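Undergrad: Pasting start_14.txt here (compact mmCIF, C-alpha atoms):
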```txt
# COMPACT_ATOMS: atom_id res chain seq x y z
CA MET X 1 -17.65 42.79 -20.59
CA THR X 2 -16.54 39.50 -19.00
CA PRO X 3 -12.77 39.50 -18.32
CA GLU X 4 -10.66 37.01 -20.23
CA VAL X 5 -9.98 33.81 -18.30
CA ARG X 6 -6.24 33.09 -18.34
CA LEU X 7 -5.30 29.61 -17.11
CA GLY X 8 -2.46 27.10 -17.32
CA ILE X 9 -0.80 24.01 -15.93
CA MET X 10 2.63 23.91 -14.31
CA GLY X 11 4.61 20.67 -14.06
CA TYR X 12 7.37 18.69 -15.72
CA PRO X 13 6.73 17.18 -18.12
CA VAL X 14 3.33 18.56 -19.19
CA ALA X 15 3.28 17.90 -22.95
CA HIS X 16 1.09 14.82 -22.33
CA SER X 17 -1.47 16.75 -20.25
CA ARG X 18 -5.12 16.65 -21.24
CA SER X 19 -5.96 19.63 -19.05
CA PRO X 20 -5.70 22.13 -21.95
CA ALA X 21 -8.25 20.15 -23.96
CA MET X 22 -10.59 19.82 -20.98
CA HIS X 23 -10.54 23.47 -20.02
CA GLN X 24 -10.78 24.67 -23.62
CA ALA X 25 -13.96 22.62 -23.91
CA ALA X 26 -15.26 24.06 -20.64
CA LEU X 27 -14.56 27.65 -21.72
CA GLN X 28 -16.31 27.05 -25.03
CA HIS X 29 -19.24 25.35 -23.26
CA CYS X 30 -19.72 28.48 -21.12
CA GLY X 31 -19.09 30.96 -23.94
CA LEU X 32 -16.08 32.41 -22.15
CA SER X 33 -13.04 33.88 -23.88
CA GLY X 34 -9.73 32.72 -22.50
CA SER X 35 -6.64 30.59 -22.79
CA TYR X 36 -5.01 27.62 -21.09
CA GLN X 37 -1.27 27.33 -21.52
CA LEU X 38 1.32 24.71 -20.76
CA LEU X 39 3.93 25.84 -18.24
CA PRO X 40 6.71 23.20 -18.42
CA THR X 41 8.82 23.77 -15.31
CA PRO X 42 11.82 21.65 -14.32
CA PRO X 43 12.32 21.67 -10.54
CA GLU X 44 15.21 24.11 -10.71
CA GLN X 45 12.98 26.64 -12.55
CA LEU X 46 10.07 26.64 -10.09
CA THR X 47 10.89 30.04 -8.55
CA GLU X 48 11.32 31.62 -11.99
CA THR X 49 8.02 30.23 -13.27
CA MET X 50 6.14 31.40 -10.18
CA GLN X 51 7.53 34.92 -10.71
CA HIS X 52 6.34 34.76 -14.33
CA ILE X 53 2.88 33.59 -13.24
CA ARG X 54 2.53 36.50 -10.82
CA SER X 55 3.53 39.04 -13.45
CA ALA X 56 1.38 37.42 -16.15
CA GLN X 57 -1.76 37.86 -14.02
CA LEU X 58 -3.14 34.38 -14.63
CA THR X 59 -6.65 33.80 -13.31
CA GLY X 60 -5.42 30.48 -11.95
CA PHE X 61 -3.46 27.39 -12.81
CA ASN X 62 -3.16 23.69 -12.14
CA VAL X 63 -0.09 22.10 -10.57
CA THR X 64 1.10 18.60 -11.36
CA ILE X 65 4.14 16.37 -10.82
CA PRO X 66 6.70 17.19 -9.44
CA HIS X 67 5.48 20.47 -7.88
CA LYS X 68 2.35 19.61 -5.87
CA GLU X 69 4.24 19.84 -2.59
CA THR X 70 7.13 22.18 -3.38
CA VAL X 71 4.81 24.89 -4.73
CA LEU X 72 3.43 25.47 -1.23
CA ALA X 73 6.38 27.68 -0.30
CA HIS X 74 5.56 30.02 -3.21
CA LEU X 75 1.89 30.63 -2.34
CA ASP X 76 0.26 33.29 -0.17
CA ALA X 77 -2.29 31.02 1.54
CA LEU X 78 -3.79 27.53 1.50
CA GLU X 79 -7.44 26.57 1.78
CA THR X 80 -8.44 23.89 4.29
CA SER X 81 -8.05 20.70 2.24
CA ALA X 82 -4.68 21.82 0.85
CA GLN X 83 -3.50 22.47 4.41
CA ARG X 84 -4.70 19.06 5.50
CA VAL X 85 -3.22 17.20 2.53
CA GLY X 86 0.01 19.17 2.33
CA ALA X 87 -0.21 19.33 -1.47
CA VAL X 88 -1.73 21.68 -4.05
CA ASN X 89 -3.00 20.96 -7.54
CA CYS X 90 -5.01 24.12 -8.18
CA VAL X 91 -4.10 27.76 -7.55
CA VAL X 92 -6.56 30.66 -7.65
CA ARG X 93 -5.63 34.33 -7.88
CA GLU X 94 -7.46 36.41 -5.29
CA GLY X 95 -6.49 40.04 -5.64
CA ARG X 96 -2.70 40.05 -5.48
CA GLY X 97 -2.55 36.71 -3.70
CA LEU X 98 -2.17 33.17 -4.97
CA ILE X 99 -4.28 30.70 -2.97
CA GLY X 100 -3.59 26.95 -3.06
CA HIS X 101 -6.40 24.41 -3.25
CA ASN X 102 -6.53 20.63 -3.52
CA THR X 103 -9.26 19.59 -5.94
CA ASP X 104 -7.77 16.08 -6.13
CA ALA X 105 -9.12 15.49 -2.62
CA GLY X 106 -12.57 16.84 -3.45
CA GLY X 107 -12.67 14.94 -6.74
CA MET X 108 -11.71 11.69 -5.04
CA ALA X 109 -14.37 12.28 -2.39
CA ARG X 110 -17.04 12.52 -5.08
CA ILE X 111 -15.78 9.34 -6.76
CA LEU X 112 -15.91 7.45 -3.46
CA ASP X 113 -19.40 8.76 -2.73
CA GLY X 114 -20.56 7.43 -6.10
CA LEU X 115 -19.38 3.87 -5.43
CA PRO X 116 -21.64 1.24 -3.81
CA LEU X 117 -19.12 0.70 -1.00
CA SER X 118 -19.22 1.03 2.74
CA ALA X 119 -16.10 2.29 4.46
CA GLY X 120 -13.79 -0.64 5.09
CA ARG X 121 -10.15 -1.46 4.42
CA ALA X 122 -8.39 0.42 1.61
CA ILE X 123 -4.91 0.02 0.16
CA VAL X 124 -3.31 3.10 -1.38
CA ILE X 125 -0.15 2.58 -3.43
CA GLY X 126 2.11 5.64 -3.41
CA ALA X 127 3.04 8.52 -1.13
CA GLY X 128 3.04 11.60 -3.38
CA GLY X 129 0.50 14.38 -3.78
CA ALA X 130 -2.19 12.21 -5.39
CA ALA X 131 -1.79 9.61 -2.65
CA ARG X 132 -2.07 12.29 0.04
CA ALA X 133 -5.30 13.60 -1.50
CA SER X 134 -6.72 10.08 -1.80
CA VAL X 135 -5.86 9.20 1.79
CA ASP X 136 -7.49 12.44 2.95
CA ALA X 137 -10.73 11.63 1.11
CA LEU X 138 -10.73 8.05 2.44
CA ALA X 139 -9.95 9.06 6.03
CA CYS X 140 -12.72 11.67 6.04
CA ARG X 141 -15.13 8.83 5.15
CA GLY X 142 -14.00 6.49 7.87
CA TRP X 143 -11.87 4.07 5.84
CA ARG X 144 -9.05 2.12 7.47
CA ILE X 145 -6.04 2.73 5.23
CA LEU X 146 -2.87 0.85 4.41
CA VAL X 147 -0.32 2.82 2.38
CA ALA X 148 2.12 0.69 0.38
CA ASN X 149 5.08 2.58 -1.00
CA ARG X 150 8.50 1.68 -2.39
CA THR X 151 10.09 3.88 0.26
CA ALA X 152 8.33 3.18 3.54
CA GLU X 153 10.15 6.00 5.36
CA ARG X 154 8.64 8.61 3.06
CA ALA X 155 5.17 7.17 3.55
CA ARG X 156 5.54 7.08 7.34
CA ALA X 157 6.50 10.75 7.34
CA ALA X 158 3.54 11.65 5.12
CA PHE X 159 0.84 9.57 6.80
CA ALA X 160 1.80 9.37 10.47
CA GLY X 161 -1.33 8.86 12.54
CA CYS X 162 -3.76 8.41 9.64
CA ALA X 163 -2.65 5.21 7.90
CA GLU X 164 -0.64 2.05 8.35
CA VAL X 165 2.45 1.89 6.18
CA LEU X 166 4.05 -1.09 4.46
CA PRO X 167 6.96 -1.32 2.01
CA LEU X 168 5.38 -2.13 -1.34
CA ALA X 169 7.73 -5.08 -1.86
CA ASP X 170 6.40 -6.62 1.38
CA MET X 171 2.73 -6.48 0.41
CA THR X 172 1.15 -9.95 0.28
CA ASN X 173 -2.11 -11.45 -0.89
CA ARG X 174 -3.34 -11.44 2.70
CA GLU X 175 -3.45 -7.63 2.80
CA VAL X 176 -5.21 -7.54 -0.56
CA GLU X 177 -7.79 -10.15 0.49
CA ASP X 178 -8.59 -8.10 3.60
CA ALA X 179 -9.24 -4.94 1.57
CA SER X 180 -12.34 -3.87 -0.32
CA LEU X 181 -10.62 -1.08 -2.27
CA LEU X 182 -7.19 -0.72 -3.90
CA LEU X 183 -6.05 2.61 -5.35
CA ASN X 184 -2.95 3.24 -7.47
CA ALA X 185 -1.65 6.77 -6.84
CA THR X 186 1.76 6.22 -8.46
CA ALA X 187 2.91 6.88 -12.02
CA ALA X 188 3.55 3.17 -12.56
CA GLY X 189 2.12 2.25 -15.95
CA MET X 190 2.03 5.81 -17.29
CA GLY X 191 3.08 5.48 -20.91
CA ARG X 192 4.15 1.90 -20.19
CA PRO X 193 1.14 -0.39 -20.72
CA HIS X 194 3.00 -3.53 -19.60
CA GLU X 195 3.99 -2.11 -16.20
CA SER X 196 1.93 -2.69 -13.04
CA PRO X 197 2.42 -1.12 -9.59
CA LEU X 198 1.69 -4.48 -7.95
CA PRO X 199 4.35 -6.96 -6.84
CA ALA X 200 4.39 -9.94 -9.22
CA ALA X 201 2.98 -12.37 -6.65
CA ILE X 202 -0.17 -10.36 -5.92
CA ARG X 203 -3.48 -11.79 -7.12
CA LEU X 204 -6.55 -9.54 -7.06
CA PRO X 205 -9.72 -11.02 -5.51
CA PRO X 206 -13.02 -10.37 -7.34
CA HIS X 207 -14.59 -8.54 -4.37
CA LEU X 208 -12.06 -5.70 -4.76
CA THR X 209 -12.79 -2.29 -6.29
CA VAL X 210 -9.69 -0.96 -8.06
CA ILE X 211 -9.21 2.76 -8.72
CA GLU X 212 -6.47 3.71 -11.17
CA LEU X 213 -5.20 7.30 -11.34
CA VAL X 214 -2.98 6.78 -14.42
CA TYR X 215 -4.88 7.79 -17.57
CA THR X 216 -2.19 7.34 -20.24
CA PRO X 217 -2.86 4.70 -21.41
CA LEU X 218 -6.48 4.53 -20.31
CA GLU X 219 -6.30 0.73 -20.22
CA THR X 220 -3.35 0.14 -17.87
CA ARG X 221 -2.01 -3.25 -16.95
CA LEU X 222 -3.46 -2.83 -13.45
CA LEU X 223 -6.94 -2.30 -14.89
CA ARG X 224 -6.53 -5.31 -17.18
CA GLN X 225 -5.48 -7.41 -14.18
CA ALA X 226 -8.46 -6.16 -12.19
CA ARG X 227 -11.02 -6.76 -14.93
CA THR X 228 -9.64 -10.23 -15.61
CA ALA X 229 -10.06 -10.99 -11.90
CA GLY X 230 -13.68 -9.78 -11.95
CA CYS X 231 -13.04 -6.62 -9.91
CA THR X 232 -15.03 -3.40 -10.16
CA THR X 233 -12.77 -0.77 -11.78
CA VAL X 234 -12.54 3.01 -12.02
CA ASP X 235 -10.19 4.37 -14.70
CA GLY X 236 -7.82 7.32 -14.51
CA LEU X 237 -10.11 9.75 -16.32
CA ALA X 238 -12.57 9.71 -13.43
CA LEU X 239 -10.36 11.72 -11.08
CA LEU X 240 -8.88 13.77 -13.93
CA ALA X 241 -12.38 14.96 -14.89
CA ALA X 242 -13.59 15.41 -11.31
CA GLN X 243 -10.67 17.57 -10.20
CA ALA X 244 -10.89 19.58 -13.44
CA ALA X 245 -14.56 20.36 -12.84
CA ASP X 246 -13.78 21.54 -9.31
CA SER X 247 -10.82 23.64 -10.51
CA PHE X 248 -12.88 25.27 -13.27
CA GLU X 249 -15.59 26.20 -10.77
CA LEU X 250 -13.01 27.83 -8.48
CA TRP X 251 -11.63 29.90 -11.36
CA THR X 252 -14.87 30.91 -13.08
CA GLY X 253 -17.76 30.28 -10.69
CA ARG X 254 -19.30 27.99 -13.32
CA ARG X 255 -20.22 24.41 -12.38
CA LEU X 256 -20.14 21.91 -15.24
CA PRO X 257 -20.75 18.14 -15.15
CA ASP X 258 -17.66 15.95 -14.93
CA GLU X 259 -18.74 14.39 -18.23
CA VAL X 260 -17.90 17.62 -20.12
CA PHE X 261 -14.28 17.27 -19.03
CA ARG X 262 -14.13 13.52 -19.55
CA ARG X 263 -15.42 13.76 -23.14
CA ALA X 264 -12.81 16.43 -23.92
CA ALA X 265 -10.03 14.30 -22.42
CA GLU X 266 -11.12 11.29 -24.47
CA SER X 267 -11.21 13.38 -27.65
CA ALA X 268 -7.71 14.70 -26.95
CA ALA X 269 -6.44 11.14 -26.66
CA GLU X 270 -7.87 10.31 -30.09
CA ALA X 271 -6.21 13.33 -31.76
CA PRO X 272 -2.41 13.56 -31.23
CA GLU X 273 -2.45 17.24 -32.10
CA GLY X 274 -5.19 17.93 -29.56
CA ALA X 275 -2.91 19.05 -26.76
CA GLU X 276 -1.17 21.61 -28.94
CA ARG X 277 -4.48 23.00 -30.18
CA ALA X 278 -5.89 23.07 -26.68
CA ALA X 279 -2.98 25.16 -25.45
CA GLY X 280 -4.08 28.01 -27.72
CA ARG X 281 -6.67 30.72 -27.19
CA VAL X 282 -10.38 30.01 -27.26
CA GLY X 283 -13.54 32.09 -27.48
CA ALA X 284 -13.40 35.12 -29.71
CA ALA X 285 -9.84 34.34 -30.72
CA THR X 286 -10.34 30.68 -31.62
CA THR X 287 -8.19 29.59 -34.55
```
Just give me the structure as structure tokens.
TA:
Amino acid sequence: MTPEVRLGIMGYPVAHSRSPAMHQAALQHCGLSGSYQLLPTPPEQLTETMQHIRSAQLTGFNVTIPHKETVLAHLDALETSAQRVGAVNCVVREGRGLIGHNTDAGGMARILDGLPLSAGRAIVIGAGGAARASVDALACRGWRILVANRTAERARAAFAGCAEVLPLADMTNREVEDASLLLNATAAGMGRPHESPLPAAIRLPPHLTVIELVYTPLETRLLRQARTAGCTTVDGLALLAAQAADSFELWTGRRLPDEVFRRAAESAAEAPEGAERAAGRVGAATT
């Protein structure tokens, strides 16, 4: 008999997460019995939650803001990309050990490989875990990278030797004109459709490809700005689905198309109660 797959997502907040809906759909698609639970964890409760996870014998779990970097100290080992990035968004139980992975980096690599772009100049906005994963994927493909962050000191510490760094407030249209790709790896615009990560004076040129990692709302102000300017755009569900597919494969050994996860995320957005339902059991115990 196939063991039950027990999964979850740790972060704070996590009530908005579409991961439960995505992984419920994946479990059902594969005919697997299991569950995917929300693990809301304020920073001061990280140690307590990790102790609970170990005792609860989860198969694996996702990690999101604000724990992608701080969780490293609570893991038994890191796989190569997580070591390189210095951030973890997926943890797999191997025996008694908890092994950290970074499927954000792998997911972003697949997105980049699917774009009709040659490696050139890229601007990444942000310096957190998602930015680190994005910079890793870009650097591995030969891109020249400029990181623009509100706090330049944090970015310099994170990206020394692999990217130029500029305070976000100092970014000008010249840097944007010189780039062929712009990627927002901040939470700017999440739940706030009138907010953009860009300084007010920035104008997007039509030759730019813009990748947005915020998926709530799906149509962010940055994407509206980009589409109005004639840019090629990639919305926030692209990476959400790609990293979910990679995480699910690590946990179950089953490879599903990204589209399975994207459709589930879109359905969850249409049904406000979807996240609560998705957090419940699936398979034989579906209610």
Undergrad: Which residues are near Thr220 in chain X? Cut-off 9 Å, only C-alpha atoms, ignore same chain within fewer than 2 positions. Put them as a ChimeraX atom specification.
TA: /X:189-196,212,214-218,222-225,235
Undergrad: Against range 47-65 of chain X, which residues of range 75-175 of chain X fall within 10 Å? For each one I want the closest pair of atoms and the distance in Å (one decimal), counting only C-alpha atoms, rows by chain and increasing residue number, as CSV.
TA:
```
residue,atom,partner,partner_atom,distance
X:Leu75,CA,X:Met50,CA,9.0
X:Ala87,CA,X:Val63,CA,9.5
X:Val88,CA,X:Val63,CA,6.7
X:Asn89,CA,X:Val63,CA,4.4
X:Cys90,CA,X:Asn62,CA,4.4
X:Val91,CA,X:Phe61,CA,5.3
X:Val92,CA,X:Gly60,CA,4.5
X:Arg93,CA,X:Thr59,CA,5.6
X:Glu94,CA,X:Thr59,CA,8.5
X:Gly95,CA,X:Gln57,CA,9.9
X:Arg96,CA,X:Arg54,CA,8.3
X:Gly97,CA,X:Arg54,CA,8.7
X:Leu98,CA,X:Gly60,CA,8.2
X:Ile99,CA,X:Gly60,CA,9.1
X:Gly100,CA,X:Val63,CA,9.6
X:His101,CA,X:Asn62,CA,9.5
X:Asn102,CA,X:Val63,CA,9.7
X:Thr103,CA,X:Asn62,CA,9.6
X:Gly128,CA,X:Ile65,CA,8.9
X:Gly129,CA,X:Ile65,CA,8.2
X:Ala130,CA,X:Ile65,CA,9.3
```
Undergrad: With distances taken over only C-alpha atoms, which of X:Gln37, X:Arg255, X:Glu266, X:Ala77 is nearest to Leu240 in chain X?
TA: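 When distances to Leu240 in chain X are compared using only C-alpha atoms, the smallest one comes from X:Glu266.
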Undergrad: How far is it from CA of Gly120 in chain X to CA of Ala226 in chain X, in Å with one decimal?
TA: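 Between CA of Gly120 in chain X and CA of Ala226 in chain X the gap is 18.9 Å.
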Undergrad: So the first atom is CA of Leu198 in chain X and the second is CA of Val14 in chain X; what is the distance between them in Å, to one decimal place?
TA: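 So the two atoms, CA of Leu198 in chain X and CA of Val14 in chain X, lie 25.7 Å apart.
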Undergrad: Need the shell around Arg144 in chain X: protein/DNA/RNA residues with any atom at most 8 Å away, counting all atoms listed in the file. Skip same-chain ones fewer than 6 positions apart. Format as an MDAnalysis selection string?
TA: chainID X and resid 119:122 138 163
Undergrad: Can you report as lines of an AutoDock Vina configuration file the centre and edge lengths in Å, to one decimal, of an axis-aligned box around the listed atoms of range 64-67 of chain X padded with 8 Å on each side?
TA:
```
center_x = 3.9
center_y = 18.4
center_z = -9.6
size_x = 21.6
size_y = 20.1
size_z = 19.5
```
Undergrad: Rank X:Arg6, X:Arg132, X:His16, X:Arg110 by their smallest atom-to-atom distance to Asp246 in chain X, using all atoms listed in the file, and report the top residue only.
TA: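 Nearest to Asp246 in chain X: X:Arg110.
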Undergrad: For CA of Asn184 in chain X and CA of Pro197 in chain X, determine how far apart the two atoms are, in Å to one decimal place.
TA: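 Calculated distance between CA of Asn184 in chain X and CA of Pro197 in chain X is 7.2 Å.
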Undergrad: Can you work out which one of X:Arg150, X:Arg18, X:Arg254, X:Arg156 has the shortest atom-to-atom distance to Ala169 in chain X, counting all atoms listed in the file?
TA: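 Looking at the shortest contact to Ala169 in chain X, the residue is X:Arg150.
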Undergrad: Between X:Ala229, X:Ile202, X:Leu27, X:Ala185, which one has atoms that come closest to Ile125 in chain X, using all atoms listed in the file?
TA: X:Ala185
Undergrad: Pick from X:Pro205, X:Ser19, X:Leu112, X:Tyr12: nearest to Phe261 in chain X, with only C-alpha atoms counted?
TA: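 Closest candidate: X:Ser19.
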Undergrad: Mind checking which residues fall within 12 Å of Asp113 in chain X, counting only C-alpha atoms, ignoring those fewer than 4 positions away in the same chain, and posting them as an MDAnalysis selection string?
TA: chainID X and resid 106:109 117:119 137:138 140:141
Undergrad: For a quick check of understanding, using only C-alpha atoms, which of X:Ala15, X:Leu181, X:Ala268, X:Leu32 has the smallest distance to Pro3 in chain X?
TA: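 Looking only at the distances to Pro3 in chain X, the closest residue turns out to be X:Leu32.
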Undergrad: Place N, CA and C atoms on range 75-108 of chain X and deliver the coordinates as a PDB file, in the frame of the given file.
TA:
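Produced file out.pdb, reproduced below:
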```
ATOM      1  N   LEU X  75       3.267  30.154  -2.358  1.00  0.00           N
ATOM      2  CA  LEU X  75       1.890  30.630  -2.340  1.00  0.00           C
ATOM      3  C   LEU X  75       1.646  31.542  -1.142  1.00  0.00           C
ATOM      4  N   ASP X  76       0.574  32.332  -1.226  1.00  0.00           N
ATOM      5  CA  ASP X  76       0.260  33.290  -0.170  1.00  0.00           C
ATOM      6  C   ASP X  76      -0.637  32.696   0.918  1.00  0.00           C
ATOM      7  N   ALA X  77      -1.411  31.673   0.571  1.00  0.00           N
ATOM      8  CA  ALA X  77      -2.290  31.020   1.540  1.00  0.00           C
ATOM      9  C   ALA X  77      -2.756  29.688   0.989  1.00  0.00           C
ATOM     10  N   LEU X  78      -3.243  28.826   1.882  1.00  0.00           N
ATOM     11  CA  LEU X  78      -3.790  27.530   1.500  1.00  0.00           C
ATOM     12  C   LEU X  78      -5.210  27.410   2.047  1.00  0.00           C
ATOM     13  N   GLU X  79      -6.110  26.857   1.235  1.00  0.00           N
ATOM     14  CA  GLU X  79      -7.440  26.570   1.780  1.00  0.00           C
ATOM     15  C   GLU X  79      -7.363  25.268   2.578  1.00  0.00           C
ATOM     16  N   THR X  80      -8.461  24.920   3.253  1.00  0.00           N
ATOM     17  CA  THR X  80      -8.440  23.890   4.290  1.00  0.00           C
ATOM     18  C   THR X  80      -7.932  22.541   3.804  1.00  0.00           C
ATOM     19  N   SER X  81      -8.451  22.040   2.672  1.00  0.00           N
ATOM     20  CA  SER X  81      -8.050  20.700   2.240  1.00  0.00           C
ATOM     21  C   SER X  81      -6.586  20.676   1.816  1.00  0.00           C
ATOM     22  N   ALA X  82      -6.095  21.756   1.220  1.00  0.00           N
ATOM     23  CA  ALA X  82      -4.680  21.820   0.850  1.00  0.00           C
ATOM     24  C   ALA X  82      -3.796  21.819   2.091  1.00  0.00           C
ATOM     25  N   GLN X  83      -4.237  22.507   3.146  1.00  0.00           N
ATOM     26  CA  GLN X  83      -3.500  22.470   4.410  1.00  0.00           C
ATOM     27  C   GLN X  83      -3.446  21.061   4.966  1.00  0.00           C
ATOM     28  N   ARG X  84      -4.601  20.395   4.925  1.00  0.00           N
ATOM     29  CA  ARG X  84      -4.700  19.060   5.500  1.00  0.00           C
ATOM     30  C   ARG X  84      -3.857  18.054   4.715  1.00  0.00           C
ATOM     31  N   VAL X  85      -3.909  18.151   3.397  1.00  0.00           N
ATOM     32  CA  VAL X  85      -3.220  17.200   2.530  1.00  0.00           C
ATOM     33  C   VAL X  85      -1.725  17.513   2.447  1.00  0.00           C
ATOM     34  N   GLY X  86      -1.387  18.791   2.502  1.00  0.00           N
ATOM     35  CA  GLY X  86       0.010  19.170   2.330  1.00  0.00           C
ATOM     36  C   GLY X  86       0.447  19.144   0.886  1.00  0.00           C
ATOM     37  N   ALA X  87      -0.509  19.319  -0.029  1.00  0.00           N
ATOM     38  CA  ALA X  87      -0.210  19.330  -1.470  1.00  0.00           C
ATOM     39  C   ALA X  87      -1.261  20.176  -2.175  1.00  0.00           C
ATOM     40  N   VAL X  88      -0.863  20.765  -3.281  1.00  0.00           N
ATOM     41  CA  VAL X  88      -1.730  21.680  -4.050  1.00  0.00           C
ATOM     42  C   VAL X  88      -1.738  21.254  -5.502  1.00  0.00           C
ATOM     43  N   ASN X  89      -2.933  21.217  -6.104  1.00  0.00           N
ATOM     44  CA  ASN X  89      -3.000  20.960  -7.540  1.00  0.00           C
ATOM     45  C   ASN X  89      -3.764  22.040  -8.293  1.00  0.00           C
ATOM     46  N   CYS X  90      -4.246  23.050  -7.564  1.00  0.00           N
ATOM     47  CA  CYS X  90      -5.010  24.120  -8.180  1.00  0.00           C
ATOM     48  C   CYS X  90      -4.719  25.416  -7.421  1.00  0.00           C
ATOM     49  N   VAL X  91      -4.393  26.460  -8.160  1.00  0.00           N
ATOM     50  CA  VAL X  91      -4.100  27.760  -7.550  1.00  0.00           C
ATOM     51  C   VAL X  91      -5.051  28.798  -8.134  1.00  0.00           C
ATOM     52  N   VAL X  92      -5.606  29.616  -7.265  1.00  0.00           N
ATOM     53  CA  VAL X  92      -6.560  30.660  -7.650  1.00  0.00           C
ATOM     54  C   VAL X  92      -5.992  32.014  -7.274  1.00  0.00           C
ATOM     55  N   ARG X  93      -6.049  32.966  -8.199  1.00  0.00           N
ATOM     56  CA  ARG X  93      -5.630  34.330  -7.880  1.00  0.00           C
ATOM     57  C   ARG X  93      -6.783  35.052  -7.178  1.00  0.00           C
ATOM     58  N   GLU X  94      -6.493  35.584  -6.014  1.00  0.00           N
ATOM     59  CA  GLU X  94      -7.460  36.410  -5.290  1.00  0.00           C
ATOM     60  C   GLU X  94      -6.799  37.740  -4.997  1.00  0.00           C
ATOM     61  N   GLY X  95      -7.178  38.767  -5.752  1.00  0.00           N
ATOM     62  CA  GLY X  95      -6.490  40.040  -5.640  1.00  0.00           C
ATOM     63  C   GLY X  95      -5.052  39.888  -6.077  1.00  0.00           C
ATOM     64  N   ARG X  96      -4.121  40.225  -5.173  1.00  0.00           N
ATOM     65  CA  ARG X  96      -2.700  40.050  -5.480  1.00  0.00           C
ATOM     66  C   ARG X  96      -2.157  38.722  -4.972  1.00  0.00           C
ATOM     67  N   GLY X  97      -3.008  37.954  -4.313  1.00  0.00           N
ATOM     68  CA  GLY X  97      -2.550  36.710  -3.700  1.00  0.00           C
ATOM     69  C   GLY X  97      -2.813  35.491  -4.551  1.00  0.00           C
ATOM     70  N   LEU X  98      -1.994  34.466  -4.342  1.00  0.00           N
ATOM     71  CA  LEU X  98      -2.170  33.170  -4.970  1.00  0.00           C
ATOM     72  C   LEU X  98      -2.535  32.160  -3.886  1.00  0.00           C
ATOM     73  N   ILE X  99      -3.734  31.576  -4.009  1.00  0.00           N
ATOM     74  CA  ILE X  99      -4.280  30.700  -2.970  1.00  0.00           C
ATOM     75  C   ILE X  99      -4.284  29.265  -3.476  1.00  0.00           C
ATOM     76  N   GLY X 100      -3.684  28.359  -2.683  1.00  0.00           N
ATOM     77  CA  GLY X 100      -3.590  26.950  -3.060  1.00  0.00           C
ATOM     78  C   GLY X 100      -4.791  26.147  -2.628  1.00  0.00           C
ATOM     79  N   HIS X 101      -5.272  25.309  -3.517  1.00  0.00           N
ATOM     80  CA  HIS X 101      -6.400  24.410  -3.250  1.00  0.00           C
ATOM     81  C   HIS X 101      -5.978  22.980  -3.609  1.00  0.00           C
ATOM     82  N   ASN X 102      -6.752  22.016  -3.113  1.00  0.00           N
ATOM     83  CA  ASN X 102      -6.530  20.630  -3.520  1.00  0.00           C
ATOM     84  C   ASN X 102      -7.841  20.058  -4.039  1.00  0.00           C
ATOM     85  N   THR X 103      -8.038  20.141  -5.348  1.00  0.00           N
ATOM     86  CA  THR X 103      -9.260  19.590  -5.940  1.00  0.00           C
ATOM     87  C   THR X 103      -9.130  18.098  -6.209  1.00  0.00           C
ATOM     88  N   ASP X 104      -7.913  17.542  -6.088  1.00  0.00           N
ATOM     89  CA  ASP X 104      -7.770  16.080  -6.130  1.00  0.00           C
ATOM     90  C   ASP X 104      -8.547  15.445  -4.983  1.00  0.00           C
ATOM     91  N   ALA X 105      -8.442  16.046  -3.789  1.00  0.00           N
ATOM     92  CA  ALA X 105      -9.120  15.490  -2.620  1.00  0.00           C
ATOM     93  C   ALA X 105     -10.636  15.561  -2.784  1.00  0.00           C
ATOM     94  N   GLY X 106     -11.131  16.709  -3.241  1.00  0.00           N
ATOM     95  CA  GLY X 106     -12.570  16.840  -3.450  1.00  0.00           C
ATOM     96  C   GLY X 106     -13.071  15.937  -4.558  1.00  0.00           C
ATOM     97  N   GLY X 107     -12.290  15.825  -5.643  1.00  0.00           N
ATOM     98  CA  GLY X 107     -12.670  14.940  -6.740  1.00  0.00           C
ATOM     99  C   GLY X 107     -12.721  13.492  -6.308  1.00  0.00           C
ATOM    100  N   MET X 108     -11.714  13.065  -5.526  1.00  0.00           N
ATOM    101  CA  MET X 108     -11.710  11.690  -5.040  1.00  0.00           C
ATOM    102  C   MET X 108     -12.883  11.445  -4.094  1.00  0.00           C
TER     103      MET X 108
END
```
